[in-house]
>>> print(open('data.pdb').read())   # PDB, C-alpha atoms
ATOM      1  CA  MET Y   1     -25.772 -40.762  12.152
ATOM      2  CA  ILE Y   2     -27.198 -37.256  12.548
ATOM      3  CA  ALA Y   3     -30.822 -36.935  11.490
ATOM      4  CA  THR Y   4     -31.148 -34.230   8.851
ATOM      5  CA  SER Y   5     -34.496 -33.160  10.331
ATOM      6  CA  ASP Y   6     -32.894 -32.572  13.754
ATOM      7  CA  TYR Y   7     -30.016 -30.647  12.186
ATOM      8  CA  GLU Y   8     -32.374 -28.425  10.210
ATOM      9  CA  LEU Y   9     -34.404 -27.787  13.379
ATOM     10  CA  VAL Y  10     -31.413 -26.505  15.378
ATOM     11  CA  THR Y  11     -29.912 -24.505  12.520
ATOM     12  CA  GLU Y  12     -33.167 -22.924  11.357
ATOM     13  CA  SER Y  13     -35.423 -22.905  14.449
ATOM     14  CA  ALA Y  14     -34.758 -24.487  17.883
ATOM     15  CA  GLY Y  15     -34.493 -27.910  19.455
ATOM     16  CA  LEU Y  16     -34.157 -29.093  23.046
ATOM     17  CA  VAL Y  17     -31.375 -31.188  24.601
ATOM     18  CA  ASP Y  18     -31.371 -32.315  28.247
ATOM     19  CA  HIS Y  19     -28.029 -31.460  29.871
ATOM     20  CA  SER Y  20     -29.141 -32.167  33.429
ATOM     21  CA  ASP Y  21     -26.134 -34.446  33.955
ATOM     22  CA  ARG Y  22     -23.906 -31.382  34.360
ATOM     23  CA  ALA Y  23     -22.532 -30.815  37.878
ATOM     24  CA  LYS Y  24     -24.266 -27.867  39.569
ATOM     25  CA  PHE Y  25     -23.543 -25.890  42.737
ATOM     26  CA  LEU Y  26     -24.999 -22.872  44.545
ATOM     27  CA  VAL Y  27     -22.519 -20.781  46.544
ATOM     28  CA  ARG Y  28     -23.448 -18.149  49.103
ATOM     29  CA  GLY Y  29     -21.843 -16.171  51.902
ATOM     30  CA  GLY Y  30     -20.226 -12.817  52.581
ATOM     31  CA  GLU Y  31     -16.866 -13.997  51.284
ATOM     32  CA  ALA Y  32     -18.125 -16.022  48.315
ATOM     33  CA  ALA Y  33     -16.977 -13.531  45.662
ATOM     34  CA  ASP Y  34     -13.523 -13.097  47.183
ATOM     35  CA  PHE Y  35     -13.173 -16.853  47.612
ATOM     36  CA  LEU Y  36     -14.058 -17.636  43.990
ATOM     37  CA  GLN Y  37     -11.834 -14.797  42.787
ATOM     38  CA  GLY Y  38      -8.806 -16.617  44.185
ATOM     39  CA  GLN Y  39      -9.770 -20.027  42.800
ATOM     40  CA  VAL Y  40     -10.838 -19.503  39.183
ATOM     41  CA  SER Y  41      -9.144 -17.890  36.205
ATOM     42  CA  ASN Y  42     -11.712 -15.202  35.361
ATOM     43  CA  ASP Y  43     -12.684 -11.995  37.166
ATOM     44  CA  VAL Y  44     -15.631 -13.016  39.331
ATOM     45  CA  GLU Y  45     -15.681  -9.749  41.259
ATOM     46  CA  ALA Y  46     -16.268  -7.815  38.026
ATOM     47  CA  LEU Y  47     -19.658  -9.500  37.567
ATOM     48  CA  ALA Y  48     -22.859  -7.640  38.395
ATOM     49  CA  PRO Y  49     -26.047  -9.517  39.321
ATOM     50  CA  GLY Y  50     -27.550 -10.910  36.138
ATOM     51  CA  GLN Y  51     -24.163 -11.439  34.531
ATOM     52  CA  GLY Y  52     -22.115 -14.576  34.100
ATOM     53  CA  GLN Y  53     -18.839 -15.785  32.647
ATOM     54  CA  TYR Y  54     -16.846 -18.764  31.498
ATOM     55  CA  ALA Y  55     -13.827 -19.709  33.636
ATOM     56  CA  THR Y  56     -11.441 -22.504  34.513
ATOM     57  CA  VAL Y  57     -10.002 -24.119  37.603
ATOM     58  CA  LEU Y  58      -6.293 -24.669  37.003
ATOM     59  CA  SER Y  59      -3.499 -26.670  38.575
ATOM     60  CA  HIS Y  60      -0.453 -24.889  39.999
ATOM     61  CA  LYS Y  61       1.231 -25.615  36.649
ATOM     62  CA  GLY Y  62      -1.505 -23.729  34.801
ATOM     63  CA  LYS Y  63      -3.143 -26.808  33.327
ATOM     64  CA  LEU Y  64      -6.854 -27.421  33.143
ATOM     65  CA  ARG Y  65      -8.564 -29.196  36.023
ATOM     66  CA  THR Y  66     -12.048 -28.253  34.855
ATOM     67  CA  ASP Y  67     -13.900 -25.474  33.096
ATOM     68  CA  LEU Y  68     -17.149 -24.001  34.364
ATOM     69  CA  ARG Y  69     -19.853 -21.395  33.984
ATOM     70  CA  ILE Y  70     -20.360 -18.875  36.780
ATOM     71  CA  LEU Y  71     -23.524 -16.810  37.232
ATOM     72  CA  ARG Y  72     -23.868 -14.036  39.807
ATOM     73  CA  GLY Y  73     -27.211 -13.381  41.490
ATOM     74  CA  ASP Y  74     -28.100 -10.843  44.161
ATOM     75  CA  ASP Y  75     -26.768 -13.003  47.004
ATOM     76  CA  TRP Y  76     -25.593 -16.196  45.296
ATOM     77  CA  PHE Y  77     -23.309 -17.671  42.679
ATOM     78  CA  TRP Y  78     -24.220 -20.546  40.400
ATOM     79  CA  LEU Y  79     -21.487 -22.883  39.132
ATOM     80  CA  ASP Y  80     -21.966 -25.631  36.560
ATOM     81  CA  THR Y  81     -19.564 -27.836  34.640
ATOM     82  CA  GLU Y  82     -19.310 -31.115  32.774
ATOM     83  CA  ALA Y  83     -20.180 -34.168  34.869
ATOM     84  CA  ILE Y  84     -16.491 -35.179  34.886
ATOM     85  CA  GLY Y  85     -15.677 -31.875  36.586
ATOM     86  CA  HIS Y  86     -17.970 -32.524  39.562
ATOM     87  CA  ALA Y  87     -15.246 -33.889  41.834
ATOM     88  CA  VAL Y  88     -12.937 -30.950  41.093
ATOM     89  CA  LEU Y  89     -15.530 -28.316  41.977
ATOM     90  CA  GLU Y  90     -16.758 -30.194  45.036
ATOM     91  CA  HIS Y  91     -13.194 -30.600  46.326
ATOM     92  CA  MET Y  92     -12.406 -26.925  45.708
ATOM     93  CA  LEU Y  93     -15.541 -25.776  47.520
ATOM     94  CA  ARG Y  94     -15.139 -28.197  50.406
ATOM     95  CA  THR Y  95     -11.438 -27.749  51.130
ATOM     96  CA  LYS Y  96     -10.541 -24.226  50.028
ATOM     97  CA  SER Y  97     -13.420 -22.446  51.757
ATOM     98  CA  LEU Y  98     -12.642 -23.704  55.259
ATOM     99  CA  GLY Y  99     -12.709 -20.911  57.828
ATOM    100  CA  ARG Y 100     -14.415 -18.491  55.445
ATOM    101  CA  ASP Y 101     -17.954 -17.134  55.238
ATOM    102  CA  VAL Y 102     -18.761 -19.387  52.298
ATOM    103  CA  GLN Y 103     -21.562 -21.948  52.069
ATOM    104  CA  TYR Y 104     -22.215 -24.213  49.130
ATOM    105  CA  GLU Y 105     -24.921 -26.645  48.091
ATOM    106  CA  ASP Y 106     -24.571 -29.435  45.562
ATOM    107  CA  VAL Y 107     -27.748 -29.172  43.477
ATOM    108  CA  THR Y 108     -26.710 -31.579  40.727
ATOM    109  CA  GLU Y 109     -29.638 -33.903  41.408
ATOM    110  CA  THR Y 110     -32.213 -31.305  42.406
ATOM    111  CA  ARG Y 111     -31.940 -28.907  39.456
ATOM    112  CA  ALA Y 112     -32.373 -29.731  35.775
ATOM    113  CA  LEU Y 113     -30.634 -27.983  32.880
ATOM    114  CA  LEU Y 114     -32.398 -27.889  29.523
ATOM    115  CA  SER Y 115     -30.582 -26.452  26.492
ATOM    116  CA  LEU Y 116     -32.554 -24.811  23.715
ATOM    117  CA  VAL Y 117     -30.291 -24.846  20.668
ATOM    118  CA  GLY Y 118     -31.053 -22.737  17.619
ATOM    119  CA  PRO Y 119     -31.666 -19.188  16.371
ATOM    120  CA  ALA Y 120     -35.325 -19.205  17.506
ATOM    121  CA  ALA Y 121     -34.571 -20.324  21.097
ATOM    122  CA  ARG Y 122     -35.607 -17.001  22.648
ATOM    123  CA  GLU Y 123     -38.892 -16.965  20.772
ATOM    124  CA  ARG Y 124     -39.894 -20.263  22.397
ATOM    125  CA  LEU Y 125     -39.645 -18.967  25.974
ATOM    126  CA  ASP Y 126     -41.835 -16.785  28.178
ATOM    127  CA  ALA Y 127     -38.696 -15.074  29.495
ATOM    128  CA  ALA Y 128     -35.469 -14.619  27.585
ATOM    129  CA  PRO Y 129     -32.077 -13.269  28.697
ATOM    130  CA  PRO Y 130     -30.106 -10.486  27.009
ATOM    131  CA  ALA Y 131     -28.140 -11.603  23.962
ATOM    132  CA  GLU Y 132     -24.719 -11.405  25.643
ATOM    133  CA  GLU Y 133     -23.433 -14.900  26.371
ATOM    134  CA  HIS Y 134     -23.827 -15.951  30.038
ATOM    135  CA  SER Y 135     -26.253 -13.111  30.828
ATOM    136  CA  PHE Y 136     -29.392 -14.362  32.540
ATOM    137  CA  VAL Y 137     -32.824 -13.534  33.885
ATOM    138  CA  THR Y 138     -34.898 -15.332  36.503
ATOM    139  CA  GLY Y 139     -38.601 -16.134  36.722
ATOM    140  CA  ASP Y 140     -40.958 -18.912  37.847
ATOM    141  CA  GLN Y 141     -38.120 -20.523  39.859
ATOM    142  CA  ARG Y 142     -36.095 -20.786  36.669
ATOM    143  CA  ILE Y 143     -32.884 -19.213  35.392
ATOM    144  CA  TYR Y 144     -32.714 -18.408  31.670
ATOM    145  CA  VAL Y 145     -29.097 -18.148  30.501
ATOM    146  CA  ALA Y 146     -27.857 -16.905  27.120
ATOM    147  CA  THR Y 147     -25.500 -19.325  25.389
ATOM    148  CA  LEU Y 148     -23.528 -19.223  22.152
ATOM    149  CA  LEU Y 149     -26.060 -21.553  20.543
ATOM    150  CA  GLY Y 150     -29.321 -20.498  22.219
ATOM    151  CA  VAL Y 151     -30.632 -20.450  25.798
ATOM    152  CA  ASP Y 152     -30.140 -22.754  28.799
ATOM    153  CA  VAL Y 153     -33.029 -23.119  31.239
ATOM    154  CA  ILE Y 154     -32.134 -24.106  34.806
ATOM    155  CA  CYS Y 155     -35.301 -25.468  36.367
ATOM    156  CA  GLU Y 156     -36.977 -28.104  38.512
ATOM    157  CA  PRO Y 157     -36.551 -31.746  37.445
ATOM    158  CA  GLY Y 158     -39.471 -32.903  35.347
ATOM    159  CA  THR Y 159     -39.989 -29.481  33.759
ATOM    160  CA  THR Y 160     -41.280 -29.641  30.205
ATOM    161  CA  LEU Y 161     -40.870 -26.960  27.551
ATOM    162  CA  GLU Y 162     -42.817 -26.651  24.318
ATOM    163  CA  VAL Y 163     -39.751 -27.262  22.197
ATOM    164  CA  GLU Y 164     -39.138 -30.385  20.149
ATOM    165  CA  PRO Y 165     -36.366 -32.607  21.569
ATOM    166  CA  VAL Y 166     -33.368 -33.335  19.374
ATOM    167  CA  SER Y 167     -30.460 -35.717  19.799
ATOM    168  CA  GLU Y 168     -27.287 -34.933  21.700
ATOM    169  CA  GLU Y 169     -25.401 -35.781  18.502
ATOM    170  CA  VAL Y 170     -26.922 -32.882  16.576
ATOM    171  CA  ALA Y 171     -26.185 -30.456  19.419
ATOM    172  CA  GLU Y 172     -22.604 -31.703  19.421
ATOM    173  CA  CYS Y 173     -22.415 -31.174  15.672
ATOM    174  CA  VAL Y 174     -23.333 -27.483  15.899
ATOM    175  CA  ARG Y 175     -20.898 -27.063  18.815
ATOM    176  CA  ILE Y 176     -18.091 -28.545  16.719
ATOM    177  CA  GLU Y 177     -19.011 -26.340  13.767
ATOM    178  CA  ALA Y 178     -18.812 -23.329  16.110
ATOM    179  CA  GLY Y 179     -15.314 -24.385  17.200
ATOM    180  CA  ARG Y 180     -16.071 -24.630  20.913
ATOM    181  CA  PRO Y 181     -13.882 -27.195  22.714
ATOM    182  CA  ARG Y 182     -15.424 -29.550  25.273
ATOM    183  CA  LEU Y 183     -13.826 -30.819  28.460
ATOM    184  CA  GLY Y 184     -12.890 -34.479  28.171
ATOM    185  CA  TYR Y 185     -13.091 -34.407  24.378
ATOM    186  CA  ASP Y 186     -10.880 -31.582  23.148
ATOM    187  CA  MET Y 187      -9.060 -30.541  26.316
ATOM    188  CA  ASP Y 188      -8.008 -32.310  29.495
ATOM    189  CA  ALA Y 189      -5.587 -32.213  32.421
ATOM    190  CA  ASP Y 190      -2.634 -31.849  30.023
ATOM    191  CA  THR Y 191      -4.101 -28.771  28.327
ATOM    192  CA  MET Y 192      -3.337 -25.121  29.035
ATOM    193  CA  PRO Y 193      -6.079 -22.562  28.313
ATOM    194  CA  GLN Y 194      -4.102 -20.843  25.553
ATOM    195  CA  GLU Y 195      -3.649 -24.133  23.709
ATOM    196  CA  ALA Y 196      -7.410 -24.688  23.737
ATOM    197  CA  GLY Y 197      -8.080 -21.167  22.478
ATOM    198  CA  ILE Y 198     -10.090 -20.182  25.552
ATOM    199  CA  ASN Y 199      -7.872 -17.435  27.017
ATOM    200  CA  GLU Y 200     -10.070 -14.629  25.720
ATOM    201  CA  ARG Y 201     -13.220 -16.133  27.220
ATOM    202  CA  ALA Y 202     -11.945 -17.759  30.396
ATOM    203  CA  VAL Y 203      -8.850 -15.961  31.681
ATOM    204  CA  SER Y 204      -8.359 -12.525  33.226
ATOM    205  CA  PHE Y 205      -4.871 -11.033  33.038
ATOM    206  CA  THR Y 206      -5.733  -7.956  35.113
ATOM    207  CA  LYS Y 207      -7.200  -9.354  38.328
ATOM    208  CA  GLY Y 208      -5.283 -10.491  41.406
ATOM    209  CA  CYS Y 209      -3.680 -13.849  42.091
ATOM    210  CA  TYR Y 210      -5.357 -17.189  41.517
ATOM    211  CA  VAL Y 211      -4.142 -20.756  41.276
ATOM    212  CA  GLY Y 212      -2.063 -21.288  38.107
ATOM    213  CA  GLN Y 213      -1.888 -17.587  37.238
ATOM    214  CA  GLU Y 214       1.900 -17.282  36.968
ATOM    215  CA  THR Y 215       2.318 -20.033  34.382
ATOM    216  CA  VAL Y 216      -0.685 -18.948  32.311
ATOM    217  CA  ALA Y 217       0.468 -15.313  32.294
ATOM    218  CA  ARG Y 218       4.035 -16.254  31.358
ATOM    219  CA  LEU Y 219       2.864 -18.278  28.370
ATOM    220  CA  HIS Y 220       0.487 -15.505  27.298
ATOM    221  CA  TYR Y 221       3.023 -12.685  27.433
ATOM    222  CA  ARG Y 222       6.295 -14.409  26.593
ATOM    223  CA  GLY Y 223       5.737 -17.862  25.180
ATOM    224  CA  LYS Y 224       4.326 -19.649  22.158
ATOM    225  CA  PRO Y 225       2.172 -22.698  22.813
ATOM    226  CA  ASN Y 226       3.269 -25.844  21.046
ATOM    227  CA  ARG Y 227      -0.336 -26.738  20.214
ATOM    228  CA  HIS Y 228      -3.424 -24.862  19.087
ATOM    229  CA  LEU Y 229      -7.078 -25.822  18.830
ATOM    230  CA  ARG Y 230      -7.851 -26.265  15.130
ATOM    231  CA  GLY Y 231     -10.552 -27.549  12.865
ATOM    232  CA  LEU Y 232     -10.026 -30.550  10.604
ATOM    233  CA  ARG Y 233     -11.842 -31.091   7.316
ATOM    234  CA  LEU Y 234     -11.703 -34.847   6.771
ATOM    235  CA  ALA Y 235     -11.974 -36.886   3.590
ATOM    236  CA  GLU Y 236     -13.844 -39.584   5.492
ATOM    237  CA  PRO Y 237     -15.301 -40.059   8.988
ATOM    238  CA  ALA Y 238     -12.805 -40.814  11.747
ATOM    239  CA  GLU Y 239     -12.993 -41.644  15.443
ATOM    240  CA  ARG Y 240     -11.901 -39.508  18.369
ATOM    241  CA  GLY Y 241      -8.273 -40.258  19.208
ATOM    242  CA  ALA Y 242      -7.198 -40.954  15.633
ATOM    243  CA  GLU Y 243      -3.669 -39.738  14.883
ATOM    244  CA  ILE Y 244      -3.084 -36.656  12.753
ATOM    245  CA  THR Y 245       0.168 -36.939  10.808
ATOM    246  CA  LEU Y 246       2.218 -34.419   8.856
ATOM    247  CA  GLY Y 247       4.639 -36.454   6.812
ATOM    248  CA  GLU Y 248       6.056 -38.984   9.252
ATOM    249  CA  LYS Y 249       5.319 -36.896  12.340
ATOM    250  CA  VAL Y 250       2.272 -37.205  14.603
ATOM    251  CA  VAL Y 251       1.072 -33.636  15.178
ATOM    252  CA  GLY Y 252      -2.099 -34.361  17.139
ATOM    253  CA  ARG Y 253      -5.099 -36.581  17.752
ATOM    254  CA  LEU Y 254      -8.709 -35.948  16.902
ATOM    255  CA  GLY Y 255     -10.959 -34.643  19.646
ATOM    256  CA  SER Y 256     -14.656 -34.124  18.930
ATOM    257  CA  THR Y 257     -15.773 -35.527  15.578
ATOM    258  CA  CYS Y 258     -18.981 -35.605  13.569
ATOM    259  CA  VAL Y 259     -20.363 -35.831  10.075
ATOM    260  CA  SER Y 260     -22.042 -32.498   9.507
ATOM    261  CA  PRO Y 261     -24.966 -32.493   7.073
ATOM    262  CA  ARG Y 262     -23.576 -29.249   5.622
ATOM    263  CA  LEU Y 263     -19.805 -29.719   5.954
ATOM    264  CA  GLY Y 264     -19.280 -33.465   5.837
ATOM    265  CA  PRO Y 265     -16.742 -35.133   8.179
ATOM    266  CA  ILE Y 266     -15.125 -32.597  10.528
ATOM    267  CA  ALA Y 267     -13.283 -32.608  13.844
ATOM    268  CA  LEU Y 268     -11.641 -30.474  16.493
ATOM    269  CA  ALA Y 269      -8.111 -31.209  17.622
ATOM    270  CA  LEU Y 270      -5.128 -29.794  19.461
ATOM    271  CA  VAL Y 271      -2.598 -29.648  16.634
ATOM    272  CA  ARG Y 272       1.099 -28.869  16.882
ATOM    273  CA  ARG Y 273       2.135 -25.519  15.453
ATOM    274  CA  GLU Y 274       4.059 -27.257  12.654
ATOM    275  CA  ALA Y 275       0.643 -27.810  11.041
ATOM    276  CA  PRO Y 276      -1.010 -24.358  10.838
ATOM    277  CA  PRO Y 277      -4.339 -23.626   9.128
ATOM    278  CA  GLY Y 278      -4.018 -24.562   5.476
ATOM    279  CA  ALA Y 279      -1.722 -27.513   6.126
ATOM    280  CA  ALA Y 280      -2.453 -30.790   4.348
ATOM    281  CA  VAL Y 281      -2.271 -33.680   6.820
ATOM    282  CA  GLU Y 282      -3.470 -37.262   7.063
ATOM    283  CA  VAL Y 283      -5.869 -38.944   9.470
ATOM    284  CA  GLY Y 284      -5.912 -42.736   9.359
ATOM    285  CA  GLY Y 285      -4.123 -42.657   6.034
ATOM    286  CA  ALA Y 286      -6.789 -40.434   4.455
ATOM    287  CA  PRO Y 287      -6.172 -36.807   3.472
ATOM    288  CA  ALA Y 288      -7.355 -33.991   5.721
ATOM    289  CA  HIS Y 289      -6.857 -30.250   5.993
ATOM    290  CA  VAL Y 290      -6.249 -28.052   9.009
ATOM    291  CA  VAL Y 291      -8.622 -25.057   9.061
ATOM    292  CA  PRO Y 292      -9.237 -22.088  11.360
ATOM    293  CA  LEU Y 293     -12.240 -21.971  13.678
ATOM    294  CA  PRO Y 294     -15.158 -21.609  13.528
ATOM    295  CA  PHE Y 295     -15.775 -23.732  10.456
ATOM    296  CA  GLU Y 296     -16.949 -21.847   7.387
ATOM    297  CA  HIS Y 297     -20.056 -23.167   5.659
ATOM    298  CA  ARG Y 298     -19.012 -23.579   2.043
TER     299      ARG Y 298
END
>>> encode(input="data.pdb", output="structure tokens")
Amino acid sequence: MIATSDYELVTESAGLVDHSDRAKFLVRGGEAADFLQGQVSNDVEALAPGQGQYATVLSHKGKLRTDLRILRGDDWFWLDTEAIGHAVLEHMLRTKSLGRDVQYEDVTETRALLSLVGPAARERLDAAPPAEEHSFVTGDQRIYVATLLGVDVICEPGTTLEVEPVSEEVAECVRIEAGRPRLGYDMDADTMPQEAGINERAVSFTKGCYVGQETVARLHYRGKPNRHLRGLRLAEPAERGAEITLGEKVVGRLGSTCVSPRLGPIALALVRREAPPGAAVEVGGAPAHVVPLPFEHR
């Protein structure tokens, strides 16, 4: 159950959530940019110091192995991802960089990541990044990164900020309302970026070759994905994994779910194209409606 006070804090001011469990790596070396350019789906070489981007690591079939954030410093790159993506990034860095001027350090346990969520996040910090998502500034051995929902602070473990902590559940609620899919919840190893609606943010169609490029480009230019990331307005709360049916046909399963204090029960899901926005479906025998993302507050 989401506390109304926490929800009001992150929608009207700012609250703090500890995301230090994310996998984190520092990458250096003369060939680091070229190396990453050939491994991830976005255009790493286009980044200037102080800029960042969202990207994916794909299989040869163009399916998602993990997603990640990449930041470019003067002589380093920062990579972070969900905890379940740690093994994928570590394996990529360890095996694909052999024989190249690339060094990496796993800093998962030695760096914390604190997320300030809310419209007043910048006002609560001594240093704040530009508004553009993934842009960052550094200071006091910290990195301040702009996010869709506020600011992330990468810092030493044990760092405290003068921001009131809120629950992970309320942070998840505002993420779901914003329509942002999460690895392991709304997309997995069977998902292609276009299905999850992340092509625009995570995939470059103008840079050189990278793993999975051919399949992703073919679907983008010539194909129509069978599934799309959608929002669900639910008549009653439902659990992740619940079937979404259109008539007698299963057209998807719920991903992230919550009961929003403003919207009521909602969810994200990969839904087959037979059920476009506006379609009336059922979840667990109860009525539901497919809606576009992000959710509208009505």
>>> atom_distance(input="data.pdb", atom1="CA of Glu236 in chain Y", atom2="CA of Arg273 in chain Y")
23.5 Å
>>> resolve_selection(input="data.pdb", expression="the PyMOL selection byres ((chain Y and resi 90-95) around 12)", output="mmCIF file with C-alpha atoms, keeping the file's coordinate frame")
data_model
loop_
_atom_site.group_PDB
_atom_site.id
_atom_site.type_symbol
_atom_site.label_atom_id
_atom_site.label_comp_id
_atom_site.auth_asym_id
_atom_site.auth_seq_id
_atom_site.Cartn_x
_atom_site.Cartn_y
_atom_site.Cartn_z
ATOM 1 C CA ALA Y 23 -22.532 -30.815 37.878
ATOM 2 C CA LYS Y 24 -24.266 -27.867 39.569
ATOM 3 C CA PHE Y 25 -23.543 -25.890 42.737
ATOM 4 C CA LEU Y 26 -24.999 -22.872 44.545
ATOM 5 C CA VAL Y 27 -22.519 -20.781 46.544
ATOM 6 C CA ARG Y 28 -23.448 -18.149 49.103
ATOM 7 C CA ALA Y 32 -18.125 -16.022 48.315
ATOM 8 C CA PHE Y 35 -13.173 -16.853 47.612
ATOM 9 C CA LEU Y 36 -14.058 -17.636 43.990
ATOM 10 C CA GLY Y 38 -8.806 -16.617 44.185
ATOM 11 C CA GLN Y 39 -9.770 -20.027 42.800
ATOM 12 C CA VAL Y 40 -10.838 -19.503 39.183
ATOM 13 C CA VAL Y 57 -10.002 -24.119 37.603
ATOM 14 C CA LEU Y 58 -6.293 -24.669 37.003
ATOM 15 C CA SER Y 59 -3.499 -26.670 38.575
ATOM 16 C CA ARG Y 65 -8.564 -29.196 36.023
ATOM 17 C CA THR Y 66 -12.048 -28.253 34.855
ATOM 18 C CA LEU Y 79 -21.487 -22.883 39.132
ATOM 19 C CA ASP Y 80 -21.966 -25.631 36.560
ATOM 20 C CA THR Y 81 -19.564 -27.836 34.640
ATOM 21 C CA ALA Y 83 -20.180 -34.168 34.869
ATOM 22 C CA ILE Y 84 -16.491 -35.179 34.886
ATOM 23 C CA GLY Y 85 -15.677 -31.875 36.586
ATOM 24 C CA HIS Y 86 -17.970 -32.524 39.562
ATOM 25 C CA ALA Y 87 -15.246 -33.889 41.834
ATOM 26 C CA VAL Y 88 -12.937 -30.950 41.093
ATOM 27 C CA LEU Y 89 -15.530 -28.316 41.977
ATOM 28 C CA LYS Y 96 -10.541 -24.226 50.028
ATOM 29 C CA SER Y 97 -13.420 -22.446 51.757
ATOM 30 C CA LEU Y 98 -12.642 -23.704 55.259
ATOM 31 C CA GLY Y 99 -12.709 -20.911 57.828
ATOM 32 C CA ARG Y 100 -14.415 -18.491 55.445
ATOM 33 C CA ASP Y 101 -17.954 -17.134 55.238
ATOM 34 C CA VAL Y 102 -18.761 -19.387 52.298
ATOM 35 C CA GLN Y 103 -21.562 -21.948 52.069
ATOM 36 C CA TYR Y 104 -22.215 -24.213 49.130
ATOM 37 C CA GLU Y 105 -24.921 -26.645 48.091
ATOM 38 C CA ASP Y 106 -24.571 -29.435 45.562
ATOM 39 C CA VAL Y 107 -27.748 -29.172 43.477
ATOM 40 C CA THR Y 108 -26.710 -31.579 40.727
ATOM 41 C CA VAL Y 211 -4.142 -20.756 41.276
#
>>> residues_around(input="data.pdb", residues="Val44 in chain Y", least_positions_apart="5", cutoff="12 Å", atoms="all atoms listed in the file", output="ChimeraX atom specification")
/Y:32-39,49,51-56,69-73,77-79,202-204,206-208,210
>>> write_last_selection(input="data.pdb", atoms="C-alpha atoms", output="CSV table (one decimal), in the frame of the given file")
chain,number,residue,atom,x,y,z
Y,32,ALA,CA,-18.1,-16.0,48.3
Y,33,ALA,CA,-17.0,-13.5,45.7
Y,34,ASP,CA,-13.5,-13.1,47.2
Y,35,PHE,CA,-13.2,-16.9,47.6
Y,36,LEU,CA,-14.1,-17.6,44.0
Y,37,GLN,CA,-11.8,-14.8,42.8
Y,38,GLY,CA,-8.8,-16.6,44.2
Y,39,GLN,CA,-9.8,-20.0,42.8
Y,49,PRO,CA,-26.0,-9.5,39.3
Y,51,GLN,CA,-24.2,-11.4,34.5
Y,52,GLY,CA,-22.1,-14.6,34.1
Y,53,GLN,CA,-18.8,-15.8,32.6
Y,54,TYR,CA,-16.8,-18.8,31.5
Y,55,ALA,CA,-13.8,-19.7,33.6
Y,56,THR,CA,-11.4,-22.5,34.5
Y,69,ARG,CA,-19.9,-21.4,34.0
Y,70,ILE,CA,-20.4,-18.9,36.8
Y,71,LEU,CA,-23.5,-16.8,37.2
Y,72,ARG,CA,-23.9,-14.0,39.8
Y,73,GLY,CA,-27.2,-13.4,41.5
Y,77,PHE,CA,-23.3,-17.7,42.7
Y,78,TRP,CA,-24.2,-20.5,40.4
Y,79,LEU,CA,-21.5,-22.9,39.1
Y,202,ALA,CA,-11.9,-17.8,30.4
Y,203,VAL,CA,-8.8,-16.0,31.7
Y,204,SER,CA,-8.4,-12.5,33.2
Y,206,THR,CA,-5.7,-8.0,35.1
Y,207,LYS,CA,-7.2,-9.4,38.3
Y,208,GLY,CA,-5.3,-10.5,41.4
Y,210,TYR,CA,-5.4,-17.2,41.5
>>> atom_distance(input="data.pdb", atom1="CA of Lys63 in chain Y", atom2="CA of Ala196 in chain Y")
10.7 Å
>>> closest_residue(input="data.pdb", among="Y:Ala46, Y:Val117, Y:Leu149, Y:Leu270", to="Pro165 in chain Y", atoms="all atoms listed in the file")
Y:Val117
>>> resolve_selection(input="data.pdb", expression="the PyMOL selection byres ((chain Y and resi 169) around 10)", output="count of residues only")
17
>>> resolve_selection(input="data.pdb", expression="the PyMOL selection byres ((chain Y and resi 251) around 12)", output="MDAnalysis selection string")
chainID Y and resid 226:230 242:250 252:254 269:276 279:283 290
>>> atom_distance(input="data.pdb", atom1="CA of Leu219 in chain Y", atom2="CA of Asn42 in chain Y")
16.5 Å
>>> residues_around(input="data.pdb", residues="Pro193 in chain Y", least_positions_apart="5", cutoff="7 Å", atoms="only C-alpha atoms", output="list of chain:residue names")
Y:Leu64, Y:Ile198, Y:Asn199
>>> closest_residue(input="data.pdb", among="Y:Gly62, Y:Gly50, Y:Glu8, Y:Ile266", to="Asp190 in chain Y", atoms="all atoms listed in the file")
Y:Gly62
>>> closest_residue(input="data.pdb", among="Y:Leu16, Y:Val153, Y:Ala189, Y:Leu148", to="His134 in chain Y", atoms="only C-alpha atoms")
Y:Leu148
>>> closest_residue(input="data.pdb", among="Y:Thr215, Y:Ser13, Y:Thr159, Y:Thr4", to="Leu113 in chain Y", atoms="all atoms listed in the file")
Y:Thr159
>>> closest_residue(input="data.pdb", among="Y:Met192, Y:Gly241, Y:Pro181, Y:Gly284", to="Arg218 in chain Y", atoms="all atoms listed in the file")
Y:Met192
>>> residues_around(input="data.pdb", residues="Arg180 in chain Y", least_positions_apart="3", cutoff="9 Å", atoms="all atoms listed in the file", output="short mmCIF file (atom, residue, chain, number, x, y, z; two decimals) with C-alpha atoms, in the coordinates of the input")
data_model
loop_
_atom_site.label_atom_id
_atom_site.label_comp_id
_atom_site.auth_asym_id
_atom_site.auth_seq_id
_atom_site.Cartn_x
_atom_site.Cartn_y
_atom_site.Cartn_z
CA ARG Y 175 -20.90 -27.06 18.82
CA ILE Y 176 -18.09 -28.54 16.72
CA GLU Y 177 -19.01 -26.34 13.77
CA ASP Y 186 -10.88 -31.58 23.15
CA GLY Y 197 -8.08 -21.17 22.48
CA ILE Y 198 -10.09 -20.18 25.55
CA LEU Y 268 -11.64 -30.47 16.49
CA LEU Y 293 -12.24 -21.97 13.68
CA PRO Y 294 -15.16 -21.61 13.53
#
>>> closest_residue(input="data.pdb", among="Y:Val216, Y:Ala235, Y:Leu125, Y:Leu114", to="His19 in chain Y", atoms="all atoms listed in the file")
Y:Leu114
>>> residues_near_point(input="data.pdb", point="(-34.6, -30.8, 37.9)", cutoff="6 Å", atoms="only C-alpha atoms", output="list in words")
Thr110, Arg111, Ala112, Cys155, Glu156, Pro157 and Gly158 of chain Y
